[in-house]
file work.tsv (TSV, C-alpha atoms and all ligand atoms)
chain	number	residue	atom	x	y	z
V	1	MET	CA	-8.54	48.36	-14.81
V	2	ALA	CA	-5.88	45.73	-14.57
V	3	SER	CA	-3.17	44.48	-12.26
V	4	VAL	CA	0.45	44.21	-13.33
V	5	GLU	CA	2.85	41.62	-11.92
V	6	ILE	CA	6.55	41.58	-12.68
V	7	SER	CA	8.80	38.80	-11.48
V	8	GLY	CA	12.50	38.11	-11.88
V	9	LEU	CA	12.79	40.74	-14.61
V	10	ARG	CA	16.26	41.40	-16.00
V	11	LYS	CA	17.34	43.66	-18.83
V	12	LEU	CA	20.84	43.85	-20.21
V	13	TYR	CA	22.12	46.21	-22.88
V	14	GLY	CA	25.18	44.23	-24.06
V	15	ASP	CA	26.96	43.70	-20.76
V	16	VAL	CA	25.32	46.69	-19.01
V	17	VAL	CA	22.84	45.39	-16.43
V	18	ALA	CA	20.05	48.02	-16.56
V	19	LEU	CA	17.55	45.95	-14.52
V	20	SER	CA	18.47	43.09	-12.24
V	21	ASP	CA	15.81	40.84	-10.73
V	22	ILE	CA	12.87	43.26	-10.56
V	23	ASN	CA	9.82	41.98	-8.64
V	24	ILE	CA	6.81	44.27	-8.33
V	25	SER	CA	3.11	43.92	-7.96
V	26	VAL	CA	0.82	46.76	-9.06
V	27	PRO	CA	-2.78	46.22	-7.94
V	28	SER	CA	-5.61	47.24	-10.23
V	29	GLY	CA	-6.37	50.98	-10.18
V	30	THR	CA	-3.15	51.89	-8.35
V	31	PHE	CA	-1.03	54.95	-9.03
V	32	PHE	CA	2.40	53.33	-8.80
V	33	THR	CA	5.50	55.51	-9.09
V	34	LEU	CA	9.05	54.51	-9.98
V	35	LEU	CA	11.35	56.98	-8.26
V	36	GLY	CA	15.12	57.05	-8.51
V	37	PRO	CA	18.18	58.95	-9.70
V	38	SER	CA	19.26	59.28	-13.31
V	39	GLY	CA	20.37	56.00	-14.83
V	40	CYS	CA	18.73	53.73	-12.22
V	41	GLY	CA	16.60	51.95	-14.86
V	42	LYS	CA	13.20	53.68	-14.66
V	43	THR	CA	12.75	54.27	-18.39
V	44	THR	CA	14.10	50.83	-19.20
V	45	LEU	CA	11.52	49.23	-16.91
V	46	LEU	CA	8.68	51.27	-18.38
V	47	ARG	CA	9.70	50.59	-21.98
V	48	THR	CA	10.06	46.88	-21.26
V	49	ILE	CA	6.48	46.81	-19.92
V	50	ALA	CA	5.33	48.76	-23.00
V	51	GLY	CA	7.03	46.25	-25.30
V	52	PHE	CA	9.59	48.64	-26.80
V	53	HIS	CA	12.37	46.54	-25.26
V	54	GLN	CA	12.61	42.77	-24.98
V	55	GLN	CA	13.48	41.57	-21.47
V	56	SER	CA	16.57	39.40	-20.97
V	57	ALA	CA	14.78	37.26	-18.36
V	58	GLY	CA	11.67	37.27	-16.17
V	59	LEU	CA	7.94	37.57	-16.54
V	60	ILE	CA	5.44	40.43	-16.96
V	61	THR	CA	1.74	39.72	-16.64
V	62	ILE	CA	-1.32	41.95	-17.00
V	63	ASP	CA	-4.39	40.57	-15.24
V	64	GLY	CA	-2.59	37.27	-14.88
V	65	SER	CA	-1.75	36.84	-18.59
V	66	SER	CA	1.84	36.91	-19.78
V	67	ILE	CA	2.43	39.67	-22.34
V	68	GLU	CA	5.99	39.03	-23.43
V	69	HIS	CA	5.01	37.40	-26.75
V	70	LEU	CA	2.81	40.39	-27.67
V	71	PRO	CA	4.14	43.30	-29.77
V	72	ALA	CA	3.80	46.77	-28.22
V	73	HIS	CA	0.56	47.68	-30.03
V	74	GLN	CA	-1.22	44.56	-28.77
V	75	ARG	CA	-0.35	44.98	-25.10
V	76	ASP	CA	-3.25	47.27	-24.24
V	77	VAL	CA	-0.94	49.76	-22.58
V	78	ALA	CA	-0.46	53.41	-23.51
V	79	MET	CA	2.57	55.55	-22.85
V	80	VAL	CA	2.97	59.29	-22.25
V	81	PHE	CA	6.46	60.65	-22.81
V	82	GLN	CA	8.52	63.46	-21.36
V	83	ASP	CA	8.67	65.43	-24.61
V	84	TYR	CA	4.92	65.60	-25.34
V	85	ALA	CA	5.25	63.59	-28.58
V	86	VAL	CA	2.19	65.19	-30.15
V	87	PHE	CA	2.10	65.30	-33.95
V	88	PRO	CA	2.93	68.94	-34.85
V	89	HIS	CA	1.02	68.90	-38.16
V	90	LEU	CA	-2.26	67.61	-36.67
V	91	SER	CA	-4.87	69.60	-34.75
V	92	VAL	CA	-5.71	68.70	-31.16
V	93	ARG	CA	-8.76	66.78	-32.40
V	94	ASP	CA	-6.76	64.78	-34.95
V	95	ASN	CA	-3.95	64.09	-32.50
V	96	VAL	CA	-6.40	62.60	-30.02
V	97	ALA	CA	-8.37	60.77	-32.73
V	98	PHE	CA	-5.23	59.13	-34.13
V	99	GLY	CA	-5.34	55.91	-32.10
V	100	LEU	CA	-9.09	55.54	-32.60
V	101	LYS	CA	-8.78	55.87	-36.39
V	102	GLN	CA	-6.12	53.16	-36.40
V	103	ARG	CA	-8.65	50.91	-34.67
V	104	ARG	CA	-11.20	51.60	-37.42
V	105	ILE	CA	-13.81	53.02	-35.09
V	106	PRO	CA	-16.76	54.75	-36.89
V	107	ALA	CA	-16.24	58.52	-37.39
V	108	ILE	CA	-19.25	59.57	-35.34
V	109	GLU	CA	-18.05	57.51	-32.41
V	110	ILE	CA	-14.53	58.97	-32.75
V	111	THR	CA	-15.94	62.52	-32.56
V	112	ARG	CA	-17.88	61.65	-29.42
V	113	GLN	CA	-14.97	59.95	-27.66
V	114	VAL	CA	-12.48	62.69	-28.59
V	115	GLU	CA	-14.76	65.40	-27.26
V	116	GLU	CA	-15.41	63.44	-24.09
V	117	VAL	CA	-11.74	62.89	-23.33
V	118	LEU	CA	-10.85	66.51	-24.12
V	119	GLU	CA	-13.39	67.55	-21.49
V	120	VAL	CA	-11.68	65.22	-18.99
V	121	VAL	CA	-8.31	66.93	-19.57
V	122	GLU	CA	-10.00	70.35	-19.73
V	123	LEU	CA	-9.09	71.11	-23.32
V	124	GLY	CA	-12.64	71.20	-24.64
V	125	LYS	CA	-12.15	74.69	-26.04
V	126	PHE	CA	-8.98	73.80	-27.90
V	127	VAL	CA	-10.13	71.03	-30.25
V	128	ASP	CA	-9.26	72.94	-33.41
V	129	ARG	CA	-5.95	74.43	-32.28
V	130	MET	CA	-2.63	73.26	-33.64
V	131	PRO	CA	0.04	72.09	-31.14
V	132	HIS	CA	2.23	75.21	-31.68
V	133	GLU	CA	-0.73	77.30	-30.52
V	134	LEU	CA	-0.73	75.56	-27.12
V	135	SER	CA	1.38	75.99	-23.99
V	136	GLY	CA	3.67	73.18	-22.82
V	137	GLY	CA	1.18	72.10	-20.17
V	138	GLN	CA	-1.66	72.04	-22.69
V	139	GLN	CA	0.44	70.01	-25.14
V	140	GLN	CA	1.20	67.53	-22.40
V	141	ARG	CA	-2.53	67.21	-21.72
V	142	VAL	CA	-3.06	66.46	-25.42
V	143	GLY	CA	-0.46	63.70	-25.02
V	144	LEU	CA	-2.38	62.38	-22.02
V	145	ALA	CA	-5.74	62.58	-23.84
V	146	ARG	CA	-4.25	60.67	-26.77
V	147	ALA	CA	-3.05	57.94	-24.41
V	148	ILE	CA	-6.29	57.52	-22.43
V	149	VAL	CA	-8.77	57.84	-25.30
V	150	VAL	CA	-8.05	54.27	-26.41
V	151	ARG	CA	-8.95	53.07	-22.89
V	152	PRO	CA	-5.76	51.12	-22.22
V	153	LYS	CA	-5.63	48.66	-19.34
V	154	VAL	CA	-2.42	50.27	-18.10
V	155	LEU	CA	-1.16	53.83	-18.45
V	156	LEU	CA	2.62	54.34	-18.45
V	157	MET	CA	4.06	57.83	-17.99
V	158	ASP	CA	7.75	58.69	-18.27
V	159	GLU	CA	8.48	61.99	-16.52
V	160	PRO	CA	5.51	63.69	-18.22
V	161	LEU	CA	5.89	66.91	-16.21
V	162	SER	CA	9.64	67.41	-16.28
V	163	ASN	CA	9.66	69.83	-19.23
V	164	LEU	CA	7.20	72.19	-17.54
V	165	ASP	CA	7.96	75.12	-15.25
V	166	ALA	CA	7.70	74.55	-11.49
V	167	ARG	CA	4.29	76.18	-10.99
V	168	LEU	CA	2.63	74.35	-13.87
V	169	ARG	CA	4.15	71.08	-12.71
V	170	VAL	CA	2.42	71.39	-9.35
V	171	ASP	CA	-0.93	72.31	-10.96
V	172	LEU	CA	-0.76	69.54	-13.49
V	173	ARG	CA	0.26	66.86	-11.03
V	174	ALA	CA	-2.94	67.43	-9.05
V	175	GLU	CA	-4.89	67.30	-12.28
V	176	LEU	CA	-3.19	64.09	-13.45
V	177	ARG	CA	-4.02	62.47	-10.15
V	178	ARG	CA	-7.67	63.56	-10.40
V	179	ILE	CA	-7.98	62.16	-13.93
V	180	GLN	CA	-6.32	58.89	-12.89
V	181	ARG	CA	-8.70	58.54	-9.93
V	182	ASP	CA	-11.79	59.36	-12.02
V	183	LEU	CA	-10.84	56.79	-14.65
V	184	GLY	CA	-9.54	54.28	-12.10
V	185	ILE	CA	-6.78	53.41	-14.53
V	186	THR	CA	-3.76	51.41	-13.33
V	187	THR	CA	-0.84	53.79	-13.77
V	188	ILE	CA	2.91	53.33	-13.64
V	189	TYR	CA	4.53	56.73	-13.42
V	190	VAL	CA	8.22	57.60	-13.62
V	191	THR	CA	9.87	60.56	-11.94
V	192	HIS	CA	13.14	61.50	-10.29
V	193	ASP	CA	11.33	64.22	-8.30
V	194	GLN	CA	10.68	62.88	-4.82
V	195	GLU	CA	8.12	65.52	-3.93
V	196	GLU	CA	6.11	64.67	-7.04
V	197	ALA	CA	6.29	60.98	-6.17
V	198	LEU	CA	5.18	61.48	-2.57
V	199	ALA	CA	2.35	63.82	-3.55
V	200	MET	CA	0.82	61.71	-6.31
V	201	SER	CA	1.27	58.05	-5.57
V	202	ASP	CA	-0.49	55.20	-3.84
V	203	VAL	CA	2.80	53.32	-3.90
V	204	VAL	CA	6.29	54.76	-4.30
V	205	CYS	CA	8.85	52.30	-5.62
V	206	VAL	CA	12.40	53.56	-5.04
V	207	MET	CA	15.00	52.24	-7.50
V	208	GLU	CA	18.77	52.46	-7.62
V	209	GLY	CA	21.26	50.61	-9.79
V	210	GLY	CA	18.60	48.52	-11.54
V	211	ILE	CA	17.31	47.20	-8.20
V	212	ILE	CA	14.11	47.94	-6.27
V	213	GLN	CA	15.13	49.41	-2.92
V	214	GLN	CA	11.66	49.79	-1.37
V	215	ALA	CA	8.06	49.80	-2.58
V	216	ALA	CA	5.55	51.17	-0.06
V	217	ALA	CA	3.02	53.91	0.65
V	218	PRO	CA	4.60	57.40	0.47
V	219	ILE	CA	4.38	57.96	4.23
V	220	ASP	CA	6.10	54.65	4.96
V	221	VAL	CA	8.91	55.33	2.50
V	222	TYR	CA	9.41	58.69	4.18
V	223	LEU	CA	9.09	57.63	7.82
V	224	ARG	CA	10.47	54.10	7.64
V	225	PRO	CA	13.01	53.98	4.82
V	226	SER	CA	14.20	50.40	4.46
V	227	ASN	CA	17.82	51.30	3.86
V	228	ARG	CA	20.32	54.10	3.86
V	229	PHE	CA	19.90	54.87	0.17
V	230	VAL	CA	16.14	55.40	0.51
V	231	ALA	CA	16.71	57.51	3.64
V	232	SER	CA	19.08	59.81	1.76
V	233	PHE	CA	17.14	59.95	-1.52
V	234	VAL	CA	13.65	60.54	-0.16
V	235	GLY	CA	13.75	63.72	1.89
V	236	ALA	CA	17.06	65.10	3.05
V	237	ASN	CA	18.85	63.39	5.89
V	238	ASN	CA	21.88	63.97	8.07
V	239	PHE	CA	23.99	60.95	8.85
V	240	LEU	CA	26.18	60.66	11.94
V	241	LYS	CA	28.62	57.91	12.73
V	242	VAL	CA	27.70	55.86	15.75
V	243	GLU	CA	30.00	53.93	18.01
V	244	ASN	CA	28.33	50.61	18.65
V	245	LEU	CA	29.00	49.30	22.13
V	246	LYS	CA	27.19	45.95	22.33
V	247	GLY	CA	23.78	47.31	21.38
V	248	GLU	CA	24.10	50.36	23.64
V	249	SER	CA	25.24	52.84	21.05
V	250	VAL	CA	26.87	56.15	21.54
V	251	LEU	CA	26.63	59.06	19.13
V	252	LYS	CA	30.31	59.78	18.75
V	253	CYS	CA	29.73	63.35	17.66
V	254	CYS	CA	28.69	64.34	21.13
V	255	GLY	CA	32.04	63.56	22.68
V	256	GLY	CA	30.68	60.18	23.69
V	257	SER	CA	28.09	61.76	25.92
V	258	VAL	CA	24.85	60.86	24.18
V	259	SER	CA	23.82	57.25	24.41
V	260	GLN	CA	21.01	55.62	22.54
V	261	HIS	CA	19.71	52.06	22.66
V	262	LEU	CA	19.43	50.56	19.21
V	263	PRO	CA	16.23	48.72	18.27
V	264	ALA	CA	18.35	45.62	17.60
V	265	ASP	CA	22.01	44.72	17.86
V	266	PRO	CA	23.28	45.02	14.28
V	267	ALA	CA	26.67	43.44	15.02
V	268	GLY	CA	28.72	45.98	13.12
V	269	PRO	CA	29.13	49.66	12.44
V	270	VAL	CA	25.99	51.81	12.35
V	271	VAL	CA	25.01	55.29	11.18
V	272	CYS	CA	22.27	57.42	12.66
V	273	ALA	CA	19.96	59.41	10.36
V	274	LEU	CA	18.20	62.57	11.49
V	275	ARG	CA	16.03	64.67	9.24
V	276	PRO	CA	16.70	68.43	9.07
V	277	GLU	CA	13.02	69.16	9.74
V	278	ASP	CA	13.07	67.06	12.93
V	279	ILE	CA	15.84	69.18	14.47
V	280	SER	CA	15.00	72.10	16.73
V	281	VAL	CA	17.75	74.61	17.44
V	282	LYS	CA	18.24	75.72	21.04
V	283	VAL	CA	20.38	78.77	21.63
V	284	ASP	CA	20.73	79.05	25.39
V	285	GLU	CA	19.49	75.85	26.89
V	286	ASP	CA	21.40	73.69	29.33
V	287	PRO	CA	21.60	70.31	27.60
V	288	SER	CA	21.73	68.46	30.91
V	289	SER	CA	18.15	69.54	31.54
V	290	PHE	CA	16.80	67.62	28.59
V	291	LEU	CA	14.31	64.87	28.99
V	292	ASN	CA	15.23	61.31	28.19
V	293	THR	CA	13.01	61.41	25.16
V	294	LYS	CA	15.39	63.79	23.36
V	295	ILE	CA	19.02	63.96	22.43
V	296	SER	CA	20.85	67.25	22.19
V	297	ILE	CA	23.93	67.61	20.07
V	298	PRO	CA	26.29	70.49	20.79
V	299	VAL	CA	27.19	72.27	17.56
V	300	GLN	CA	28.94	75.30	16.16
V	301	ILE	CA	26.79	77.38	13.86
V	302	LYS	CA	28.34	77.84	10.41
V	303	GLU	CA	25.60	79.55	8.46
V	304	VAL	CA	21.98	80.52	8.88
V	305	SER	CA	20.12	81.28	5.70
V	306	PHE	CA	16.74	82.89	5.87
V	307	VAL	CA	14.55	81.73	2.98
V	308	GLY	CA	11.23	83.35	3.90
V	309	ARG	CA	8.91	81.17	5.93
V	310	GLU	CA	11.79	78.81	6.67
V	311	MET	CA	15.39	79.04	7.71
V	312	GLU	CA	18.23	76.63	7.02
V	313	ILE	CA	20.89	76.22	9.67
V	314	PHE	CA	24.24	74.67	8.82
V	315	ALA	CA	26.46	73.59	11.70
V	316	THR	CA	29.27	71.23	12.65
V	317	THR	CA	29.51	68.85	15.58
V	318	ASP	CA	32.54	68.68	17.87
V	319	ASN	CA	33.81	65.88	15.65
V	320	GLY	CA	33.58	68.13	12.60
V	321	GLU	CA	30.59	66.32	11.08
V	322	ALA	CA	28.27	68.63	9.11
V	323	LEU	CA	24.59	68.86	10.08
V	324	LYS	CA	21.72	70.78	8.56
V	325	ALA	CA	18.50	71.80	10.27
V	326	VAL	CA	15.41	73.35	8.72
V	327	GLY	CA	12.71	75.11	10.67
V	328	ARG	CA	10.28	77.97	10.95
V	329	SER	CA	12.11	81.26	10.95
V	330	ASP	CA	13.18	82.32	14.44
V	331	SER	CA	14.83	85.72	14.87
V	332	ASN	CA	16.99	84.47	17.81
V	333	VAL	CA	18.53	81.83	15.60
V	334	ILE	CA	18.85	84.07	12.54
V	335	ALA	CA	20.80	86.54	14.70
V	336	LEU	CA	23.37	83.92	15.76
V	337	PRO	CA	26.92	84.89	14.78
V	338	ILE	CA	29.09	82.40	12.89
V	339	ASP	CA	30.89	79.94	15.21
V	340	SER	CA	28.49	80.50	18.09
V	341	ARG	CA	27.44	77.56	20.24
V	342	ALA	CA	23.99	76.01	20.01
V	343	TRP	CA	22.29	72.64	20.45
V	344	PHE	CA	20.55	70.59	17.83
V	345	CYS	CA	17.74	68.71	19.59
V	346	VAL	CA	15.90	65.70	18.19
V	347	GLU	CA	13.25	63.42	19.64
V	348	ARG	CA	14.77	59.99	20.02
V	349	GLU	CA	11.80	58.43	18.25
V	350	ASN	CA	12.73	60.42	15.13
V	351	LEU	CA	16.17	58.86	14.85
V	352	SER	CA	16.74	56.04	12.38
V	353	PHE	CA	19.68	53.68	12.33
V	354	PHE	CA	21.24	51.91	9.37
V	355	LYS	CA	24.11	49.49	9.00
V	356	ASP	CA	27.25	51.27	7.83
V	357	ASN	CA	27.89	48.86	4.96
V	358	GLU	CA	27.08	48.75	1.26
V	359	LEU	CA	23.45	47.64	1.62
V	360	GLY	CA	22.86	49.93	4.60
V	361	GLU	CA	19.80	48.02	5.85
V	362	ARG	CA	17.62	49.56	8.53
V	363	VAL	CA	18.50	48.42	12.05
P	401	LIG	N1	20.24	51.62	-25.46
P	401	LIG	C1	21.08	51.49	-24.44
P	401	LIG	N2	22.29	50.89	-24.58
P	401	LIG	C2	23.14	50.73	-23.53
P	401	LIG	N3	22.87	51.16	-22.28
P	401	LIG	C3	21.70	51.77	-22.08
P	401	LIG	C4	20.74	51.98	-23.14
P	401	LIG	N4	19.65	52.61	-22.62
P	401	LIG	C5	19.93	52.81	-21.31
P	401	LIG	N5	21.15	52.29	-20.98
P	401	LIG	C6	21.76	52.28	-19.64
P	401	LIG	O1	20.88	51.60	-18.76
P	401	LIG	C7	20.81	52.26	-17.50
P	401	LIG	C8	19.37	52.64	-17.20
P	401	LIG	O2	18.94	53.65	-18.11
P	401	LIG	P1	17.48	54.30	-18.04
P	401	LIG	O3	17.31	55.14	-19.24
P	401	LIG	O4	16.51	53.22	-17.82
P	401	LIG	O5	17.60	55.21	-16.72
P	401	LIG	P2	16.55	56.23	-16.07
P	401	LIG	O6	16.36	55.78	-14.66
P	401	LIG	O7	15.34	56.35	-16.92
P	401	LIG	O8	17.37	57.59	-16.06
P	401	LIG	P3	16.88	59.12	-16.30
P	401	LIG	O9	16.30	59.59	-14.98
P	401	LIG	O10	18.18	59.84	-16.61
P	401	LIG	O11	15.89	59.14	-17.43
P	401	LIG	C9	21.78	53.43	-17.58
P	401	LIG	O12	22.98	53.03	-17.01
P	401	LIG	C10	21.91	53.66	-19.06
P	401	LIG	O13	23.18	54.21	-19.37
P	402	MG	MG	14.49	57.94	-18.01
call {"tool": "encode", "arguments": {"input": "work.tsv", "output": "structure tokens", "more": "lines below"}}
Ligand SMILES: Nc1ncnc2c1ncn2[C@@H]1O[C@H](COP(=O)(O)OP(=O)(O)OP(=O)(O)O)[C@@H](O)[C@H]1O
Ligand SMILES: [Mg+2]
result
Amino acid sequence: MASVEISGLRKLYGDVVALSDINISVPSGTFFTLLGPSGCGKTTLLRTIAGFHQQSAGLITIDGSSIEHLPAHQRDVAMVFQDYAVFPHLSVRDNVAFGLKQRRIPAIEITRQVEEVLEVVELGKFVDRMPHELSGGQQQRVGLARAIVVRPKVLLMDEPLSNLDARLRVDLRAELRRIQRDLGITTIYVTHDQEEALAMSDVVCVMEGGIIQQAAAPIDVYLRPSNRFVASFVGANNFLKVENLKGESVLKCCGGSVSQHLPADPAGPVVCALRPEDISVKVDEDPSSFLNTKISIPVQIKEVSFVGREMEIFATTDNGEALKAVGRSDSNVIALPIDSRAWFCVERENLSFFKDNELGERV
């Protein structure tokens, strides 16, 4: 177990800024996930911690000691890659024993440790198989066993589940989390799959453009995104333009009829975010009867798609802004003809507001 601290970290490839001023703190034993779109710098950050890349500036410490002068193999970190990276010509046993042999550990001890770790990843029965005789998920567990058998202080994983089919990914993510908890190993995990990040992590760290956007518990990232990018990347969101009248803001889409106090006066243009799952669709309700705790947005239905347990409703406001709602299937809504009138209703407390500028900070 070990803590990882990163401060002022920068990484340039020529004149491409892949990481700019990264500051993160990963407490001992934490499952810490880097989440962000393609090209945001996740792999670069992980490889810089592992020692495969030299940083351009900044400091990385493990348990308070700087590691930048250490070559990769002396950093006491292990990395699991997206593409399994098991040796195809070695059996499961020899793949897992590889790192232990390099450390000149006695053979009897290697056998014991390999068997123990293969039990942890539930591959005890497969010790003598070759990699081509294993499924993708089993190969990835060999990769994990190989990384953890050397008891690294920090485990780094770069999209280890992304080559697996959807079902196996869900099974294996629960298993990875169990193994990480049992071992108590500090883990930095990379994914661009927000559901995976929310399901597995103690801390989700959202990145974009080489910058940390927010690092917080999954529920906080979801419920209180710190800026517009996080609100749109984690969970789907609808955004509506808001007319800001000295702190008393009006949702323009509703023909100026819906007013909403903002938590603070942002002194500039604002957008309102509402999550599809927070919208309930009313077919024949008089909007004037709504309580003050809700807003109701008149819309024209454009499409209702029934996807089993859920339905997705696409509509436009009177201003022509597109909105999407998601909810439990309701036959009254599914039966709505195209262009019919309905109301999208949201609890005011579920609305979020962001500045309508480049940073898009939460208001
Ligand atoms: N060797 C390199 N030389 C130049 N630019 C690079 C190099 N490696 C990465 N980059 C650039 O640095 C940025 C970050 O890349 P990185 O691989 O860290 O992204 P990522 O978040 O892991 O993306 P993905 O989800 O697609 O794996 C990208 O703009 C990428 O084009
Ligand atoms: Mg990557």
call {"tool": "closest_atom_pairs", "arguments": {"input": "work.tsv", "of": "chain V", "to": "ligand MG 402 (chain P)", "cutoff": "10 Å", "atoms": "all atoms listed in the file", "output": "CSV"}}
result
residue,atom,partner,partner_atom,distance
V:Gly36,CA,P:MG402,MG,9.6
V:Pro37,CA,P:MG402,MG,9.1
V:Ser38,CA,P:MG402,MG,6.8
V:Gly39,CA,P:MG402,MG,7.0
V:Cys40,CA,P:MG402,MG,8.3
V:Gly41,CA,P:MG402,MG,7.1
V:Lys42,CA,P:MG402,MG,5.6
V:Thr43,CA,P:MG402,MG,4.1
V:Thr44,CA,P:MG402,MG,7.2
V:Leu45,CA,P:MG402,MG,9.3
V:Leu46,CA,P:MG402,MG,8.9
V:Arg47,CA,P:MG402,MG,9.6
V:Phe81,CA,P:MG402,MG,9.7
V:Gln82,CA,P:MG402,MG,8.8
V:Asp158,CA,P:MG402,MG,6.8
V:Glu159,CA,P:MG402,MG,7.4
V:Val190,CA,P:MG402,MG,7.7
V:Thr191,CA,P:MG402,MG,8.1
V:His192,CA,P:MG402,MG,8.6
call {"tool": "closest_residue", "arguments": {"input": "work.tsv", "among": "V:Lys153, V:Ser28, V:Leu198, V:Tyr189", "to": "ligand LIG 401 (chain P)", "atoms": "all atoms listed in the file"}}
result
V:Tyr189
call {"tool": "atom_distance", "arguments": {"input": "work.tsv", "atom1": "atom CA of V:Ile6", "atom2": "atom CA of V:Leu59"}}
result
5.7 Å
call {"tool": "residues_around", "arguments": {"input": "work.tsv", "residues": "V:Ser25", "least_positions_apart": "4", "cutoff": "10 Å", "atoms": "all atoms listed in the file", "output": "PyMOL selection string"}}
result
chain V and resi 3-7+32+60-61+215
call {"tool": "atom_distance", "arguments": {"input": "work.tsv", "atom1": "atom CA of V:Val204", "atom2": "atom CA of V:Arg181"}}
result
16.5 Å
call {"tool": "atom_distance", "arguments": {"input": "work.tsv", "atom1": "atom CA of V:Phe314", "atom2": "atom CA of V:Lys302"}}
result
5.4 Å
call {"tool": "residues_around", "arguments": {"input": "work.tsv", "residues": "V:Pro71", "least_positions_apart": "5", "cutoff": "9 Å", "atoms": "all atoms listed in the file", "output": "PDB file with C-alpha atoms, in the frame of the given file"}}
result
ATOM      1  CA  ALA V  50       5.330  48.760 -23.000  1.00  0.00           C
ATOM      2  CA  GLY V  51       7.030  46.250 -25.300  1.00  0.00           C
ATOM      3  CA  PHE V  52       9.590  48.640 -26.800  1.00  0.00           C
TER       4      PHE V  52
END
call {"tool": "residues_around", "arguments": {"input": "work.tsv", "residues": "stretch 346-359 of chain V", "least_positions_apart": "3", "cutoff": "8 Å", "atoms": "all atoms listed in the file", "output": "PyMOL selection string"}}
result
chain V and resi 227-228+262+266+268-275+278-280+293-296+362-363
call {"tool": "closest_residue", "arguments": {"input": "work.tsv", "among": "V:Ala267, V:Val96, V:Ala145, V:Ile211", "to": "ligand LIG 401 (chain P)", "atoms": "all atoms listed in the file"}}
result
V:Ile211
call {"tool": "decode", "arguments": {"input": "work.tsv", "residues": "stretch 176-190 of chain V", "atoms": "N, CA and C atoms", "output": "JSON list (two decimals), in the first residue's frame"}}
result
[["chain", "number", "residue", "atom", "x", "y", "z"],
["V", 176, "LEU", "N", -12.33, -7.46, -10.68],
["V", 176, "LEU", "CA", -11.15, -6.60, -10.50],
["V", 176, "LEU", "C", -11.26, -5.79, -9.22],
["V", 177, "ARG", "N", -12.47, -5.27, -8.99],
["V", 177, "ARG", "CA", -12.67, -4.46, -7.80],
["V", 177, "ARG", "C", -12.52, -5.31, -6.52],
["V", 178, "ARG", "N", -13.03, -6.53, -6.58],
["V", 178, "ARG", "CA", -12.91, -7.43, -5.41],
["V", 178, "ARG", "C", -11.44, -7.71, -5.12],
["V", 179, "ILE", "N", -10.68, -8.03, -6.17],
["V", 179, "ILE", "CA", -9.26, -8.36, -5.99],
["V", 179, "ILE", "C", -8.52, -7.14, -5.43],
["V", 180, "GLN", "N", -8.83, -5.97, -5.98],
["V", 180, "GLN", "CA", -8.16, -4.74, -5.52],
["V", 180, "GLN", "C", -8.47, -4.50, -4.04],
["V", 181, "ARG", "N", -9.72, -4.71, -3.65],
["V", 181, "ARG", "CA", -10.11, -4.51, -2.24],
["V", 181, "ARG", "C", -9.40, -5.51, -1.34],
["V", 182, "ASP", "N", -9.41, -6.79, -1.76],
["V", 182, "ASP", "CA", -8.78, -7.84, -0.95],
["V", 182, "ASP", "C", -7.30, -7.54, -0.73],
["V", 183, "LEU", "N", -6.63, -7.09, -1.79],
["V", 183, "LEU", "CA", -5.19, -6.84, -1.68],
["V", 183, "LEU", "C", -4.91, -5.46, -1.08],
["V", 184, "GLY", "N", -5.90, -4.58, -1.13],
["V", 184, "GLY", "CA", -5.72, -3.22, -0.62],
["V", 184, "GLY", "C", -4.68, -2.44, -1.41],
["V", 185, "ILE", "N", -4.54, -2.78, -2.70],
["V", 185, "ILE", "CA", -3.46, -2.18, -3.47],
["V", 185, "ILE", "C", -3.91, -0.85, -4.11],
["V", 186, "THR", "N", -3.09, 0.17, -3.96],
["V", 186, "THR", "CA", -3.36, 1.48, -4.56],
["V", 186, "THR", "C", -3.39, 1.30, -6.09],
["V", 187, "THR", "N", -4.50, 1.70, -6.70],
["V", 187, "THR", "CA", -4.68, 1.41, -8.12],
["V", 187, "THR", "C", -5.05, 2.67, -8.89],
["V", 188, "ILE", "N", -4.35, 2.89, -9.99],
["V", 188, "ILE", "CA", -4.74, 3.97, -10.90],
["V", 188, "ILE", "C", -5.19, 3.31, -12.20],
["V", 189, "TYR", "N", -6.43, 3.54, -12.53],
["V", 189, "TYR", "CA", -7.12, 2.79, -13.58],
["V", 189, "TYR", "C", -7.55, 3.77, -14.66],
["V", 190, "VAL", "N", -7.36, 3.39, -15.91],
["V", 190, "VAL", "CA", -7.74, 4.28, -17.01],
["V", 190, "VAL", "C", -8.92, 3.69, -17.78]]
